[in-house]
$ cat target18.pdb   # PDB, C-alpha atoms, pLDDT in the B column
ATOM      1  CA  LYS I  11     -58.319 165.164-105.243  1.00 88.00           C
ATOM      2  CA  LYS I  12     -58.370 161.424-105.977  1.00 88.00           C
ATOM      3  CA  LEU I  13     -61.428 160.919-103.743  1.00 88.00           C
ATOM      4  CA  CYS I  14     -63.341 163.664-105.573  1.00 92.00           C
ATOM      5  CA  GLU I  15     -62.437 162.228-108.966  1.00 93.00           C
ATOM      6  CA  GLU I  16     -63.617 158.740-107.933  1.00 91.00           C
ATOM      7  CA  ASN I  17     -66.935 160.052-106.598  1.00 93.00           C
ATOM      8  CA  ASN I  18     -67.605 162.675-109.289  1.00 95.00           C
ATOM      9  CA  ILE I  19     -67.394 165.565-106.801  1.00 95.00           C
ATOM     10  CA  GLU I  20     -66.374 169.000-108.061  1.00 94.00           C
ATOM     11  CA  ILE I  21     -63.086 170.139-106.519  1.00 95.00           C
ATOM     12  CA  ILE I  22     -61.695 173.677-106.634  1.00 94.00           C
ATOM     13  CA  ILE I  23     -58.037 174.196-105.746  1.00 92.00           C
ATOM     14  CA  GLY I  24     -56.435 177.576-105.130  1.00 89.00           C
ATOM     15  CA  GLN I  25     -52.850 178.731-104.653  1.00 87.00           C
ATOM     16  CA  ALA I  26     -51.821 181.450-102.224  1.00 84.00           C
ATOM     17  CA  SER I  27     -49.711 183.178-104.901  1.00 82.00           C
ATOM     18  CA  ASN I  28     -52.827 183.624-107.054  1.00 80.00           C
ATOM     19  CA  LEU I  29     -55.020 185.168-104.371  1.00 76.00           C
ATOM     20  CA  ASN I  30     -55.542 188.917-104.625  1.00 73.00           C
ATOM     21  CA  LEU I  31     -54.990 189.650-100.937  1.00 72.00           C
ATOM     22  CA  GLN I  32     -52.461 191.892 -99.230  1.00 71.00           C
ATOM     23  CA  ILE I  33     -51.375 190.520 -95.833  1.00 65.00           C
ATOM     24  CA  LYS I  34     -48.858 192.008 -93.418  1.00 63.00           C
ATOM     25  CA  SER I  35     -45.819 189.745 -93.265  1.00 57.00           C
ATOM     26  CA  ASN I  36     -45.281 190.223 -89.502  1.00 59.00           C
ATOM     27  CA  GLY I  37     -47.921 187.642 -88.542  1.00 64.00           C
ATOM     28  CA  SER I  38     -47.210 183.972 -87.874  1.00 73.00           C
ATOM     29  CA  GLN I  39     -47.205 181.673 -90.895  1.00 77.00           C
ATOM     30  CA  GLU I  40     -50.169 179.852 -89.402  1.00 78.00           C
ATOM     31  CA  GLU I  41     -52.161 183.106 -89.109  1.00 81.00           C
ATOM     32  CA  ILE I  42     -51.205 184.190 -92.646  1.00 84.00           C
ATOM     33  CA  GLY I  43     -52.306 180.789 -93.975  1.00 85.00           C
ATOM     34  CA  ARG I  44     -55.600 181.085 -92.095  1.00 87.00           C
ATOM     35  CA  LYS I  45     -56.316 184.527 -93.604  1.00 87.00           C
ATOM     36  CA  LEU I  46     -55.509 183.271 -97.106  1.00 90.00           C
ATOM     37  CA  ARG I  47     -57.836 180.267 -96.711  1.00 92.00           C
ATOM     38  CA  ARG I  48     -60.671 182.401 -95.336  1.00 91.00           C
ATOM     39  CA  HIS I  49     -60.267 184.830 -98.223  1.00 91.00           C
ATOM     40  CA  PHE I  50     -60.400 181.907-100.679  1.00 93.00           C
ATOM     41  CA  PHE I  51     -63.540 180.478 -99.019  1.00 94.00           C
ATOM     42  CA  LYS I  52     -65.343 183.829 -98.998  1.00 92.00           C
ATOM     43  CA  GLU I  53     -64.608 184.400-102.672  1.00 91.00           C
ATOM     44  CA  LEU I  54     -66.078 180.967-103.488  1.00 93.00           C
ATOM     45  CA  CYS I  55     -69.137 181.627-101.295  1.00 95.00           C
ATOM     46  CA  THR I  56     -69.863 184.802-103.251  1.00 94.00           C
ATOM     47  CA  LYS I  57     -69.131 183.246-106.646  1.00 94.00           C
ATOM     48  CA  LEU I  58     -71.092 180.010-106.108  1.00 94.00           C
ATOM     49  CA  SER I  59     -73.805 181.241-103.671  1.00 95.00           C
ATOM     50  CA  ILE I  60     -72.548 178.924-100.911  1.00 94.00           C
ATOM     51  CA  ASP I  61     -74.292 179.180 -97.514  1.00 95.00           C
ATOM     52  CA  TYR I  62     -71.852 177.271 -95.284  1.00 96.00           C
ATOM     53  CA  VAL I  63     -68.240 176.149 -95.305  1.00 96.00           C
ATOM     54  CA  ALA I  64     -67.402 172.937 -93.399  1.00 97.00           C
ATOM     55  CA  LEU I  65     -63.961 172.932 -91.782  1.00 96.00           C
ATOM     56  CA  ALA I  66     -62.094 169.791 -90.728  1.00 94.00           C
ATOM     57  CA  HIS I  67     -61.031 170.788 -87.197  1.00 96.00           C
ATOM     58  CA  HIS I  68     -61.246 167.871 -84.753  1.00 96.00           C
ATOM     59  CA  GLN I  69     -60.956 167.363 -80.987  1.00 95.00           C
ATOM     60  CA  GLN I  70     -57.161 167.587 -80.858  1.00 95.00           C
ATOM     61  CA  ASP I  71     -57.210 170.814 -82.918  1.00 95.00           C
ATOM     62  CA  GLN I  72     -59.525 172.230 -80.266  1.00 96.00           C
ATOM     63  CA  GLN I  73     -57.113 171.241 -77.488  1.00 96.00           C
ATOM     64  CA  GLU I  74     -54.162 172.764 -79.324  1.00 95.00           C
ATOM     65  CA  THR I  75     -56.078 176.025 -79.876  1.00 94.00           C
ATOM     66  CA  PHE I  76     -56.961 176.183 -76.163  1.00 95.00           C
ATOM     67  CA  PHE I  77     -53.317 175.889 -75.066  1.00 96.00           C
ATOM     68  CA  ILE I  78     -52.088 178.330 -77.728  1.00 93.00           C
ATOM     69  CA  ARG I  79     -54.526 180.980 -76.490  1.00 92.00           C
ATOM     70  CA  LEU I  80     -53.745 180.198 -72.868  1.00 94.00           C
ATOM     71  CA  LEU I  81     -50.011 180.747 -73.483  1.00 92.00           C
ATOM     72  CA  ARG I  82     -50.547 183.956 -75.435  1.00 88.00           C
ATOM     73  CA  GLY I  83     -53.032 185.380 -72.950  1.00 87.00           C
ATOM     74  CA  THR I  84     -56.732 185.542 -73.732  1.00 88.00           C
ATOM     75  CA  THR I  85     -60.221 186.202 -72.394  1.00 88.00           C
ATOM     76  CA  LEU I  86     -62.788 183.690 -71.154  1.00 92.00           C
ATOM     77  CA  ASN I  87     -64.350 183.807 -74.610  1.00 90.00           C
ATOM     78  CA  GLY I  88     -60.953 183.045 -76.136  1.00 90.00           C
ATOM     79  CA  LEU I  89     -60.524 180.018 -73.863  1.00 92.00           C
ATOM     80  CA  THR I  90     -63.756 178.521 -75.207  1.00 93.00           C
ATOM     81  CA  ALA I  91     -61.642 178.017 -78.361  1.00 89.00           C
ATOM     82  CA  MET I  92     -63.367 177.110 -81.645  1.00 93.00           C
ATOM     83  CA  LYS I  93     -67.137 176.975 -82.056  1.00 93.00           C
ATOM     84  CA  GLU I  94     -69.090 174.286 -83.909  1.00 94.00           C
ATOM     85  CA  VAL I  95     -71.051 177.025 -85.705  1.00 94.00           C
ATOM     86  CA  ASP I  96     -69.298 180.360 -86.309  1.00 92.00           C
ATOM     87  CA  GLY I  97     -71.039 182.487 -88.924  1.00 91.00           C
ATOM     88  CA  ILE I  98     -70.749 180.725 -92.279  1.00 94.00           C
ATOM     89  CA  TYR I  99     -68.234 178.233 -90.861  1.00 96.00           C
ATOM     90  CA  ILE I 100     -69.295 174.893 -89.372  1.00 97.00           C
ATOM     91  CA  ARG I 101     -67.063 172.251 -87.762  1.00 97.00           C
ATOM     92  CA  PRO I 102     -68.878 168.887 -87.881  1.00 97.00           C
ATOM     93  CA  LEU I 103     -65.791 166.935 -86.681  1.00 96.00           C
ATOM     94  CA  LEU I 104     -65.017 169.059 -83.622  1.00 94.00           C
ATOM     95  CA  LYS I 105     -66.162 166.332 -81.207  1.00 92.00           C
ATOM     96  CA  ALA I 106     -64.347 163.543 -83.097  1.00 94.00           C
ATOM     97  CA  SER I 107     -60.880 162.494 -81.952  1.00 93.00           C
ATOM     98  CA  LYS I 108     -57.953 162.224 -84.339  1.00 92.00           C
ATOM     99  CA  LYS I 109     -57.797 158.484 -83.584  1.00 93.00           C
ATOM    100  CA  GLU I 110     -61.443 158.016 -84.620  1.00 95.00           C
ATOM    101  CA  ILE I 111     -60.752 159.773 -87.921  1.00 96.00           C
ATOM    102  CA  LEU I 112     -57.598 157.760 -88.641  1.00 96.00           C
ATOM    103  CA  ASP I 113     -59.360 154.504 -87.741  1.00 97.00           C
ATOM    104  CA  TYR I 114     -62.181 155.387 -90.154  1.00 97.00           C
ATOM    105  CA  LEU I 115     -59.711 156.143 -92.951  1.00 95.00           C
ATOM    106  CA  ALA I 116     -57.887 152.858 -92.346  1.00 96.00           C
ATOM    107  CA  LYS I 117     -61.113 150.838 -92.204  1.00 97.00           C
ATOM    108  CA  HIS I 118     -62.344 152.237 -95.534  1.00 93.00           C
ATOM    109  CA  LYS I 119     -58.863 152.272 -97.128  1.00 92.00           C
ATOM    110  CA  ILE I 120     -58.980 156.009 -97.801  1.00 90.00           C
ATOM    111  CA  THR I 121     -55.599 157.591 -98.542  1.00 88.00           C
ATOM    112  CA  TYR I 122     -54.727 160.974 -97.062  1.00 90.00           C
ATOM    113  CA  LEU I 123     -51.946 163.533 -97.060  1.00 88.00           C
ATOM    114  CA  THR I 124     -49.915 164.546 -94.004  1.00 89.00           C
ATOM    115  CA  ASP I 125     -48.498 168.079 -94.089  1.00 86.00           C
ATOM    116  CA  HIS I 126     -44.698 167.758 -93.791  1.00 85.00           C
ATOM    117  CA  THR I 127     -44.581 170.891 -91.590  1.00 84.00           C
ATOM    118  CA  ASN I 128     -46.558 169.052 -88.868  1.00 86.00           C
ATOM    119  CA  GLU I 129     -43.315 167.566 -87.529  1.00 85.00           C
ATOM    120  CA  SER I 130     -41.434 170.853 -87.246  1.00 88.00           C
ATOM    121  CA  ASP I 131     -40.818 172.218 -83.729  1.00 90.00           C
ATOM    122  CA  GLU I 132     -40.654 175.698 -85.248  1.00 89.00           C
ATOM    123  CA  TYR I 133     -44.406 176.146 -84.799  1.00 89.00           C
ATOM    124  CA  LEU I 134     -46.066 176.533 -81.395  1.00 91.00           C
ATOM    125  CA  ARG I 135     -49.051 174.392 -82.423  1.00 91.00           C
ATOM    126  CA  ASN I 136     -46.725 171.518 -83.328  1.00 93.00           C
ATOM    127  CA  ARG I 137     -44.859 171.749 -80.024  1.00 95.00           C
ATOM    128  CA  ILE I 138     -48.145 171.594 -78.131  1.00 96.00           C
ATOM    129  CA  ARG I 139     -49.273 168.618 -80.258  1.00 94.00           C
ATOM    130  CA  LYS I 140     -46.011 166.709 -79.812  1.00 94.00           C
ATOM    131  CA  TYR I 141     -45.184 167.444 -76.172  1.00 96.00           C
ATOM    132  CA  VAL I 142     -47.965 169.132 -74.167  1.00 96.00           C
ATOM    133  CA  ILE I 143     -50.997 166.996 -75.070  1.00 95.00           C
ATOM    134  CA  PRO I 144     -49.123 163.655 -74.811  1.00 95.00           C
ATOM    135  CA  ALA I 145     -47.896 164.779 -71.364  1.00 97.00           C
ATOM    136  CA  MET I 146     -51.504 165.515 -70.352  1.00 96.00           C
ATOM    137  CA  LEU I 147     -52.652 162.075 -71.531  1.00 94.00           C
ATOM    138  CA  LYS I 148     -49.748 160.447 -69.714  1.00 96.00           C
ATOM    139  CA  SER I 149     -50.745 162.262 -66.518  1.00 96.00           C
ATOM    140  CA  ASP I 150     -54.370 161.150 -66.859  1.00 95.00           C
ATOM    141  CA  SER I 151     -55.744 158.858 -69.571  1.00 94.00           C
ATOM    142  CA  ARG I 152     -59.138 160.598 -69.175  1.00 94.00           C
ATOM    143  CA  PHE I 153     -57.726 163.938 -70.329  1.00 95.00           C
ATOM    144  CA  ASP I 154     -59.842 164.074 -73.517  1.00 93.00           C
ATOM    145  CA  GLN I 155     -63.114 163.608 -71.619  1.00 93.00           C
ATOM    146  CA  LYS I 156     -62.129 166.000 -68.823  1.00 95.00           C
ATOM    147  CA  PHE I 157     -61.017 168.621 -71.338  1.00 95.00           C
ATOM    148  CA  ASP I 158     -64.390 168.482 -73.134  1.00 94.00           C
ATOM    149  CA  SER I 159     -66.220 168.738 -69.813  1.00 95.00           C
ATOM    150  CA  THR I 160     -64.199 171.776 -68.729  1.00 95.00           C
ATOM    151  CA  LEU I 161     -64.642 173.448 -72.105  1.00 95.00           C
ATOM    152  CA  ASN I 162     -68.418 172.974 -71.923  1.00 94.00           C
ATOM    153  CA  ARG I 163     -68.516 174.646 -68.493  1.00 96.00           C
ATOM    154  CA  LEU I 164     -66.427 177.558 -69.760  1.00 96.00           C
ATOM    155  CA  LYS I 165     -68.826 177.977 -72.699  1.00 95.00           C
ATOM    156  CA  GLU I 166     -71.851 177.979 -70.380  1.00 96.00           C
ATOM    157  CA  GLU I 167     -70.330 180.730 -68.227  1.00 96.00           C
ATOM    158  CA  ASP I 168     -69.225 182.699 -71.281  1.00 95.00           C
ATOM    159  CA  ASP I 169     -72.755 182.493 -72.745  1.00 95.00           C
ATOM    160  CA  PHE I 170     -74.216 183.680 -69.429  1.00 96.00           C
ATOM    161  CA  LEU I 171     -71.914 186.715 -69.293  1.00 96.00           C
ATOM    162  CA  HIS I 172     -72.725 187.485 -72.922  1.00 95.00           C
ATOM    163  CA  GLU I 173     -76.446 187.524 -72.093  1.00 96.00           C
ATOM    164  CA  LEU I 174     -75.811 189.910 -69.172  1.00 96.00           C
ATOM    165  CA  MET I 175     -73.830 192.153 -71.506  1.00 96.00           C
ATOM    166  CA  LEU I 176     -76.663 192.208 -74.077  1.00 96.00           C
ATOM    167  CA  GLU I 177     -79.169 193.160 -71.367  1.00 95.00           C
ATOM    168  CA  ALA I 178     -76.890 196.001 -70.258  1.00 94.00           C
ATOM    169  CA  TYR I 179     -76.415 197.161 -73.845  1.00 94.00           C
ATOM    170  CA  LYS I 180     -80.191 197.420 -74.327  1.00 93.00           C
ATOM    171  CA  THR I 181     -80.853 199.344 -71.111  1.00 91.00           C
ATOM    172  CA  ILE I 182     -77.896 201.732 -70.773  1.00 88.00           C
ATOM    173  CA  GLY I 183     -78.892 205.236 -71.799  1.00 82.00           C
ATOM    174  CA  ASP I 184     -75.951 207.296 -70.571  1.00 87.00           C
ATOM    175  CA  LEU I 185     -72.376 207.189 -69.333  1.00 89.00           C
ATOM    176  CA  HIS I 186     -73.451 207.417 -65.695  1.00 90.00           C
ATOM    177  CA  LEU I 187     -75.193 204.036 -65.929  1.00 92.00           C
ATOM    178  CA  PHE I 188     -72.264 202.571 -67.841  1.00 93.00           C
ATOM    179  CA  LYS I 189     -69.877 203.451 -65.009  1.00 92.00           C
ATOM    180  CA  LYS I 190     -72.045 201.485 -62.557  1.00 93.00           C
ATOM    181  CA  LEU I 191     -71.515 198.240 -64.494  1.00 94.00           C
ATOM    182  CA  ARG I 192     -69.026 195.672 -63.282  1.00 94.00           C
ATOM    183  CA  PRO I 193     -65.674 195.864 -65.130  1.00 94.00           C
ATOM    184  CA  VAL I 194     -66.151 192.386 -66.647  1.00 94.00           C
ATOM    185  CA  ILE I 195     -69.403 193.545 -68.327  1.00 95.00           C
ATOM    186  CA  GLN I 196     -67.882 196.866 -69.392  1.00 95.00           C
ATOM    187  CA  LYS I 197     -65.020 195.036 -71.060  1.00 94.00           C
ATOM    188  CA  ARG I 198     -67.441 192.903 -73.056  1.00 94.00           C
ATOM    189  CA  LEU I 199     -69.777 195.747 -73.871  1.00 95.00           C
ATOM    190  CA  VAL I 200     -67.199 198.078 -75.450  1.00 93.00           C
ATOM    191  CA  PRO I 201     -66.125 195.833 -78.383  1.00 93.00           C
ATOM    192  CA  TYR I 202     -69.758 194.804 -78.949  1.00 93.00           C
ATOM    193  CA  TRP I 203     -70.817 198.463 -79.000  1.00 92.00           C
ATOM    194  CA  LEU I 204     -68.035 199.469 -81.413  1.00 91.00           C
ATOM    195  CA  THR I 205     -68.915 196.551 -83.683  1.00 92.00           C
ATOM    196  CA  GLN I 206     -72.599 197.573 -83.715  1.00 92.00           C
ATOM    197  CA  GLU I 207     -71.537 201.121 -84.649  1.00 90.00           C
ATOM    198  CA  GLN I 208     -69.469 199.622 -87.493  1.00 90.00           C
ATOM    199  CA  VAL I 209     -66.355 201.610 -86.654  1.00 88.00           C
ATOM    200  CA  ALA I 210     -62.801 200.363 -87.170  1.00 87.00           C
ATOM    201  CA  PHE I 211     -60.992 199.328 -84.000  1.00 85.00           C
ATOM    202  CA  SER I 212     -58.321 196.957 -82.746  1.00 83.00           C
ATOM    203  CA  PRO I 213     -59.786 194.063 -80.703  1.00 80.00           C
ATOM    204  CA  SER I 214     -56.675 193.964 -78.508  1.00 83.00           C
ATOM    205  CA  ASN I 215     -56.861 194.027 -74.721  1.00 85.00           C
ATOM    206  CA  GLN I 216     -54.715 197.181 -74.659  1.00 88.00           C
ATOM    207  CA  TYR I 217     -57.066 199.023 -77.003  1.00 89.00           C
ATOM    208  CA  ILE I 218     -60.223 198.082 -75.077  1.00 91.00           C
ATOM    209  CA  ASN I 219     -58.553 199.146 -71.810  1.00 92.00           C
ATOM    210  CA  GLU I 220     -57.736 202.512 -73.371  1.00 92.00           C
ATOM    211  CA  VAL I 221     -61.390 203.045 -74.286  1.00 92.00           C
ATOM    212  CA  LEU I 222     -62.531 201.995 -70.796  1.00 93.00           C
ATOM    213  CA  LYS I 223     -60.025 204.275 -69.080  1.00 93.00           C
ATOM    214  CA  PHE I 224     -61.338 207.245 -71.050  1.00 92.00           C
ATOM    215  CA  LEU I 225     -65.024 206.392 -70.494  1.00 92.00           C
ATOM    216  CA  ASN I 226     -64.523 205.938 -66.736  1.00 91.00           C
ATOM    217  CA  SER I 227     -62.473 209.106 -66.248  1.00 90.00           C
ATOM    218  CA  ASN I 228     -64.044 212.303 -64.924  1.00 88.00           C
ATOM    219  CA  ARG I 229     -62.167 214.577 -67.323  1.00 87.00           C
ATOM    220  CA  GLY I 230     -64.558 214.234 -70.258  1.00 84.00           C
ATOM    221  CA  GLY I 231     -63.599 215.820 -73.574  1.00 89.00           C
ATOM    222  CA  SER I 232     -62.684 213.789 -76.644  1.00 90.00           C
ATOM    223  CA  HIS I 233     -60.161 211.074 -77.477  1.00 89.00           C
ATOM    224  CA  GLN I 234     -58.769 210.209 -80.919  1.00 89.00           C
ATOM    225  CA  LEU I 235     -58.940 206.416 -81.002  1.00 84.00           C
ATOM    226  CA  HIS I 236     -58.742 205.934 -84.759  1.00 86.00           C
ATOM    227  CA  THR I 237     -57.854 207.987 -87.815  1.00 87.00           C
ATOM    228  CA  SER I 238     -61.499 207.963 -88.917  1.00 87.00           C
ATOM    229  CA  TRP I 239     -63.380 208.546 -85.643  1.00 88.00           C
ATOM    230  CA  ILE I 240     -63.219 210.242 -82.230  1.00 90.00           C
ATOM    231  CA  LEU I 241     -64.827 209.253 -78.933  1.00 89.00           C
ATOM    232  CA  LYS I 242     -66.507 212.197 -77.140  1.00 89.00           C
TER     233      LYS I 242
END
$ encode --input "target18.pdb" --output "structure tokens"
Amino acid sequence: KKLCEENNIEIIIGQASNLNLQIKSNGSQEEIGRKLRRHFFKELCTKLSIDYVALAHHQQDQQETFFIRLLRGTTLNGLTAMKEVDGIYIRPLLKASKKEILDYLAKHKITYLTDHTNESDEYLRNRIRKYVIPAMLKSDSRFDQKFDSTLNRLKEEDDFLHELMLEAYKTIGDLHLFKKLRPVIQKRLVPYWLTQEQVAFSPSNQYINEVLKFLNSNRGGSHQLHTSWILK
């Protein structure tokens, strides 16, 4: 706020209690906070005709996200963690380390706020930040560079599989051809197909497996997968 005032930059501050958004309370506090922020950003984009929103995620945030998803179970795409460009969201600091950012702030005498919850072991992200990543760096001082290298390779393979899925999506004309696809392509194709059809569905692994089991069965018929649509 002080920085914006000194440089004559417009600043808009919102409070969660003032946002008109109903969120289920059974999610993690981190996930609830993320949904509230995204809702706030989207409202501003519409109101002010904003094209892109720059987020402040840096290299260590990327590492934390990777380990969180690894522990919770995820796909190859999930392991590629956050993207530098994701729709309207851009992350210009994703390749910058936390140390580089702190050194810059110190050099230019820029004050900043540290969230008091960052020190709490209650949150998985904090535990990974405090114990897992330091242990990795202690094991090998080149962890940051090796992590980036591994992540780049995962992204390359994920992009390749995505291209194969798009080719299959364009050429498949019936269920018989779908059944001939490798399971890894089928599993990618189903959520993409449902998204293109603009139908409501749960992106969970269990849900996608249920769709695949029905499509690959020989029984045929119909299957109620949502209150508003049926797969035949």
$ residues_around --input "target18.pdb" --residues "range 40-47 of chain I" --least-positions-apart "4" --cutoff "12 Å" --atoms "all atoms listed in the file" --output "ChimeraX atom specification"
/I:23-36,51-54,63,65,75,78,127-128,132-136
$ resolve_selection --input "target18.pdb" --expression "the PyMOL selection byres ((chain I and resi 144-158) around 10)" --output "list of chain:residue names"
I:Gln69, I:Gln70, I:Gln72, I:Gln73, I:Phe76, I:Lys105, I:Ser107, I:Ile138, I:Arg139, I:Lys140, I:Tyr141, I:Val142, I:Ile143, I:Ser159, I:Thr160, I:Leu161, I:Asn162, I:Arg163, I:Leu164
$ residues_around --input "target18.pdb" --residues "range 110-125 of chain I" --least-positions-apart "2" --cutoff "10 Å" --atoms "all atoms listed in the file" --output "MDAnalysis selection string"
chainID I and resid 11:13 68 103 106:108 127:129
$ closest_residue --input "target18.pdb" --among "I:His236, I:Arg137, I:Asn215, I:Lys109" --to "Gly88 in chain I" --atoms "all atoms listed in the file"
I:Asn215
$ atom_distance --input "target18.pdb" --atom1 "CA of Ser214 in chain I" --atom2 "CA of Gln39 in chain I"
19.9 Å
$ resolve_selection --input "target18.pdb" --expression "the PyMOL selection byres ((chain I and resi 239) around 12)" --output "PyMOL selection string"
chain I and resi 204+207-211+232-238+240-242
$ write_last_selection --input "target18.pdb" --atoms "C-alpha atoms" --output "CSV table (one decimal), in the frame of the given file"
chain,number,residue,atom,x,y,z
I,204,LEU,CA,-68.0,199.5,-81.4
I,207,GLU,CA,-71.5,201.1,-84.6
I,208,GLN,CA,-69.5,199.6,-87.5
I,209,VAL,CA,-66.4,201.6,-86.7
I,210,ALA,CA,-62.8,200.4,-87.2
I,211,PHE,CA,-61.0,199.3,-84.0
I,232,SER,CA,-62.7,213.8,-76.6
I,233,HIS,CA,-60.2,211.1,-77.5
I,234,GLN,CA,-58.8,210.2,-80.9
I,235,LEU,CA,-58.9,206.4,-81.0
I,236,HIS,CA,-58.7,205.9,-84.8
I,237,THR,CA,-57.9,208.0,-87.8
I,238,SER,CA,-61.5,208.0,-88.9
I,240,ILE,CA,-63.2,210.2,-82.2
I,241,LEU,CA,-64.8,209.3,-78.9
I,242,LYS,CA,-66.5,212.2,-77.1
$ atom_distance --input "target18.pdb" --atom1 "CA of Arg101 in chain I" --atom2 "CA of Trp203 in chain I"
27.9 Å
$ atom_distance --input "target18.pdb" --atom1 "CA of Leu176 in chain I" --atom2 "CA of Leu199 in chain I"
7.7 Å
$ closest_residue --input "target18.pdb" --among "I:Ile100, I:Leu222, I:Ile22, I:Ile60" --to "Ile195 in chain I" --atoms "all atoms listed in the file"
I:Leu222
